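Here is target10.txt, consisting of compact mmCIF, C-alpha atoms:
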```txt
# COMPACT_ATOMS: atom_id res chain seq x y z
CA MET E 2 87.48 213.12 87.21
CA PRO E 3 89.09 211.86 90.39
CA PRO E 4 90.51 208.31 90.18
CA GLU E 5 87.98 207.09 92.75
CA GLY E 6 85.15 208.36 90.54
CA VAL E 7 86.63 206.67 87.49
CA ALA E 8 86.77 203.38 89.41
CA ARG E 9 83.12 203.71 90.49
CA CYS E 10 82.00 204.44 86.92
CA ARG E 11 83.94 201.51 85.49
CA ALA E 12 82.48 199.20 88.14
CA ALA E 13 78.96 200.40 87.27
CA TRP E 14 79.54 199.72 83.58
CA ALA E 15 81.09 196.31 84.28
CA ARG E 16 77.74 195.18 85.70
CA LEU E 17 76.34 195.50 82.15
CA GLY E 18 78.87 193.04 80.74
CA GLY E 19 77.70 190.29 78.42
CA ARG E 20 74.40 191.92 77.52
CA GLN E 21 73.18 192.48 73.97
CA THR E 22 73.85 195.96 72.61
CA CYS E 23 72.04 198.23 70.20
CA VAL E 24 71.85 201.93 69.39
CA VAL E 25 70.49 203.84 72.36
CA HIS E 26 69.13 207.37 72.14
CA GLY E 27 70.94 208.59 75.23
CA ASN E 28 68.41 211.18 76.38
CA PRO E 29 64.83 209.86 76.21
CA THR E 30 63.88 211.44 79.54
CA ASN E 31 63.87 214.90 77.95
CA PRO E 32 60.23 215.38 76.89
CA HIS E 33 61.30 217.72 74.08
CA ASN E 34 62.98 214.72 72.40
CA ILE E 35 59.72 212.76 72.09
CA ARG E 36 57.21 213.41 69.33
CA MET E 37 53.86 211.62 69.34
CA THR E 38 50.92 211.40 66.99
CA ALA E 39 47.85 209.17 67.18
CA ASP E 40 49.68 206.31 65.46
CA ARG E 41 53.40 207.01 65.88
CA VAL E 42 56.06 207.79 68.46
CA ALA E 43 59.44 209.20 67.41
CA LEU E 44 62.59 210.31 69.15
CA ILE E 45 64.49 213.34 67.86
CA ASP E 46 67.82 214.91 68.86
CA TRP E 47 70.11 211.90 68.55
CA ASP E 48 73.33 213.77 69.40
CA GLU E 49 73.87 211.64 72.53
CA ALA E 50 73.21 208.34 70.75
CA HIS E 51 75.72 205.52 71.12
CA VAL E 52 75.91 201.74 71.05
CA ASP E 53 75.17 200.32 74.47
CA VAL E 54 72.68 198.11 76.30
CA PRO E 55 69.02 199.07 75.75
CA ASP E 56 68.35 199.30 79.49
CA LEU E 57 70.18 202.64 79.51
CA ASP E 58 67.30 204.17 77.53
CA LEU E 59 64.77 202.37 79.72
CA VAL E 60 65.94 203.96 82.98
CA LEU E 61 63.04 206.34 82.94
CA PRO E 62 61.80 208.32 85.95
CA HIS E 63 60.01 206.20 88.51
CA ASN E 64 60.94 203.00 86.62
CA ALA E 65 58.35 203.69 83.92
CA ALA E 66 59.78 200.81 81.83
CA ASP E 67 58.99 198.41 84.72
CA LEU E 68 62.46 196.86 84.91
CA ASP E 69 62.88 194.41 87.76
CA ASP E 70 64.69 195.81 90.82
CA GLU E 71 68.11 194.41 89.93
CA ALA E 72 67.96 195.44 86.26
CA TYR E 73 66.77 198.91 87.23
CA ASP E 74 69.58 199.36 89.77
CA ILE E 75 72.24 198.20 87.31
CA ALA E 76 70.93 200.43 84.53
CA ALA E 77 70.43 203.45 86.80
CA GLN E 78 73.99 203.20 88.09
CA ALA E 79 75.44 202.78 84.59
CA SER E 80 73.35 205.67 83.29
CA ALA E 81 74.47 207.97 86.10
CA ALA E 82 78.08 206.99 85.41
CA TRP E 83 77.66 207.71 81.69
CA GLU E 84 76.16 211.14 82.31
CA ALA E 85 78.88 211.98 84.82
CA THR E 86 81.63 211.20 82.33
CA VAL E 87 80.27 212.72 79.12
CA CYS E 88 80.08 216.19 80.60
CA TRP E 89 82.59 215.93 83.43
CA ASP E 90 83.50 218.93 85.52
CA ASP E 91 80.25 220.80 85.77
CA GLU E 92 77.65 220.82 88.54
CA TYR E 93 75.36 218.31 86.80
CA SER E 94 78.12 215.77 86.18
CA MET E 95 79.31 215.99 89.77
CA ARG E 96 75.75 215.44 91.00
CA ARG E 97 75.40 212.39 88.73
CA LEU E 98 78.76 210.98 89.90
CA ALA E 99 77.56 211.30 93.49
CA GLU E 100 74.74 208.87 92.59
CA VAL E 101 77.20 206.15 91.49
CA ARG E 102 77.74 203.83 94.44
CA VAL E 103 80.83 201.80 95.24
CA VAL E 104 79.97 198.23 94.17
```
As structure tokens, the full file:
Amino acid sequence: MPPEGVARCRAAWARLGGRQTCVVHGNPTNPHNIRMTADRVALIDWDEAHVDVPDLDLVLPHNAADLDDEAYDIAAQASAAWEATVCWDDEYSMRRLAEVRVV
């Protein structure tokens, strides 16, 4: 990853500083990872799970978790940075890095 991209990703993650952490799934937007019954919801495919701030799993399409504007922006930027770095050097990761703004 180019140094300028690394700096943008680190700045995006720094905005999460001081928040409580927990295990996050890492890919809840993939509908194949969600299983639902009448009384239960479960997430499968935990291969991208890691300890981070819960907002990263709440950055759902169209702000479905109803985060306030600032929280959504912070989480969306951090999530894009995470996805850019974990699979760097393919078309998807470059597209995600392009979403990470200079802060």
Can you pull out every residue within 9 Å of range 22-24 of chain E, counting only C-alpha atoms, but drop anything in the same chain fewer than 6 positions away, and send it as a compact mmCIF listing (two decimals) with C-alpha atoms, in the frame of the given file?
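What follows is the written file part.txt:
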```
# COMPACT_ATOMS: atom_id res chain seq x y z
CA ALA E 50 73.21 208.34 70.75
CA HIS E 51 75.72 205.52 71.12
CA VAL E 52 75.91 201.74 71.05
CA ASP E 53 75.17 200.32 74.47
CA VAL E 54 72.68 198.11 76.30
CA PRO E 55 69.02 199.07 75.75
```
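Interatomic distance, CA of Ala76 in chain E to CA of Tyr93 in chain E: 18.6 Å.
Nearest residue to Val103 in chain E among E:Ala12, E:Ala43, E:Ala72, E:Ile35 is E:Ala12, counting all atoms listed in the file.
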Just how far from CA of Pro29 in chain E is CA of Leu44 in chain E, in Å to one decimal? 7.4 Å
A straight line from CA of Asn28 in chain E to CA of Asp58 in chain E spans 7.2 Å
Please provide the set of residues having any atom within 10 Å of range 79-86 of chain E, restricted to only C-alpha atoms, with same-chain residues fewer than 6 positions apart removed, written as a PyMOL selection string. chain E and resi 2+6-7+9-17+27-28+54+56-60+73+92-102
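In terms of minimum interatomic distance to His33 in chain E, E:Ile45 ranks closest within E:Ile45, E:Val104, E:Ile75, E:Ala66, counting all atoms listed in the file.
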Find the smallest box with edges along x, y and z containing every listed atom of range 2-19 of chain E, then add 3 Å on each side and report centre and edge lengths in Å to one decimal, as lines of an AutoDock Vina configuration file.
```
center_x = 83.4
center_y = 201.7
center_z = 85.6
size_x = 20.2
size_y = 28.8
size_z = 20.3
```
Considering all atoms listed in the file, can you say which of E:Thr38, E:Thr30, E:Gln78, E:Gln21 comes closest to Ala65 in chain E? E:Thr30
Could you complete range 50-84 of chain E so that it carries N, CA and C atoms, and give it back as a short mmCIF file (atom, residue, chain, number, x, y, z; two decimals), in the frame of the given file?
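The resulting rebuild_4.cif:
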```cif
data_model
loop_
_atom_site.label_atom_id
_atom_site.label_comp_id
_atom_site.auth_asym_id
_atom_site.auth_seq_id
_atom_site.Cartn_x
_atom_site.Cartn_y
_atom_site.Cartn_z
N ALA E 50 73.37 209.75 71.08
CA ALA E 50 73.21 208.34 70.75
C ALA E 50 74.56 207.63 70.74
N HIS E 51 74.53 206.36 71.13
CA HIS E 51 75.72 205.52 71.12
C HIS E 51 75.29 204.07 71.20
N VAL E 52 76.21 203.17 70.95
CA VAL E 52 75.91 201.74 71.05
C VAL E 52 76.14 201.31 72.49
N ASP E 53 75.11 200.74 73.07
CA ASP E 53 75.17 200.32 74.47
C ASP E 53 74.04 199.34 74.73
N VAL E 54 73.78 199.02 75.97
CA VAL E 54 72.68 198.11 76.30
C VAL E 54 71.37 198.91 76.33
N PRO E 55 70.28 198.32 75.84
CA PRO E 55 69.02 199.07 75.75
C PRO E 55 68.48 199.54 77.09
N ASP E 56 68.84 198.88 78.18
CA ASP E 56 68.35 199.30 79.49
C ASP E 56 68.72 200.74 79.81
N LEU E 57 69.79 201.27 79.22
CA LEU E 57 70.18 202.64 79.51
C LEU E 57 69.13 203.63 79.02
N ASP E 58 68.40 203.31 77.96
CA ASP E 58 67.30 204.17 77.53
C ASP E 58 66.01 203.87 78.29
N LEU E 59 65.98 202.75 78.99
CA LEU E 59 64.77 202.37 79.72
C LEU E 59 64.78 202.85 81.17
N VAL E 60 65.88 203.43 81.62
CA VAL E 60 65.94 203.96 82.98
C VAL E 60 65.19 205.28 82.99
N LEU E 61 63.90 205.16 82.97
CA LEU E 61 63.04 206.34 82.94
C LEU E 61 62.63 206.70 84.37
N PRO E 62 62.22 207.93 84.59
CA PRO E 62 61.80 208.32 85.95
C PRO E 62 60.76 207.37 86.52
N HIS E 63 60.95 207.06 87.77
CA HIS E 63 60.01 206.20 88.51
C HIS E 63 59.87 204.81 87.89
N ASN E 64 60.92 204.33 87.23
CA ASN E 64 60.94 203.00 86.62
C ASN E 64 59.75 202.79 85.69
N ALA E 65 59.49 203.76 84.84
CA ALA E 65 58.35 203.69 83.92
C ALA E 65 58.44 202.52 82.96
N ALA E 66 59.64 201.97 82.72
CA ALA E 66 59.78 200.81 81.83
C ALA E 66 59.53 199.50 82.57
N ASP E 67 59.30 199.57 83.88
CA ASP E 67 58.99 198.41 84.72
C ASP E 67 60.10 197.35 84.70
N LEU E 68 61.35 197.80 84.77
CA LEU E 68 62.46 196.86 84.91
C LEU E 68 62.39 196.23 86.29
N ASP E 69 62.86 194.99 86.42
CA ASP E 69 62.88 194.41 87.76
C ASP E 69 63.91 195.17 88.60
N ASP E 70 63.87 195.00 89.91
CA ASP E 70 64.69 195.81 90.82
C ASP E 70 66.18 195.74 90.49
N GLU E 71 66.68 194.54 90.22
CA GLU E 71 68.11 194.41 89.93
C GLU E 71 68.48 195.08 88.61
N ALA E 72 67.68 194.83 87.56
CA ALA E 72 67.96 195.44 86.26
C ALA E 72 67.88 196.96 86.35
N TYR E 73 66.91 197.46 87.09
CA TYR E 73 66.77 198.91 87.23
C TYR E 73 67.98 199.50 87.96
N ASP E 74 68.43 198.86 89.02
CA ASP E 74 69.58 199.36 89.77
C ASP E 74 70.83 199.37 88.89
N ILE E 75 71.06 198.28 88.18
CA ILE E 75 72.24 198.20 87.31
C ILE E 75 72.19 199.29 86.24
N ALA E 76 71.05 199.43 85.59
CA ALA E 76 70.93 200.43 84.53
C ALA E 76 71.00 201.85 85.08
N ALA E 77 70.41 202.10 86.22
CA ALA E 77 70.43 203.45 86.80
C ALA E 77 71.85 203.84 87.17
N GLN E 78 72.61 202.91 87.73
CA GLN E 78 73.99 203.20 88.09
C GLN E 78 74.85 203.45 86.84
N ALA E 79 74.68 202.61 85.83
CA ALA E 79 75.44 202.78 84.59
C ALA E 79 75.07 204.08 83.89
N SER E 80 73.80 204.43 83.91
CA SER E 80 73.35 205.67 83.29
C SER E 80 73.91 206.88 84.01
N ALA E 81 73.90 206.86 85.33
CA ALA E 81 74.47 207.97 86.10
C ALA E 81 75.96 208.10 85.81
N ALA E 82 76.64 206.97 85.70
CA ALA E 82 78.08 206.99 85.41
C ALA E 82 78.33 207.58 84.02
N TRP E 83 77.51 207.19 83.05
CA TRP E 83 77.66 207.71 81.69
C TRP E 83 77.48 209.23 81.68
N GLU E 84 76.42 209.71 82.31
CA GLU E 84 76.16 211.14 82.31
C GLU E 84 77.22 211.92 83.06
#
```
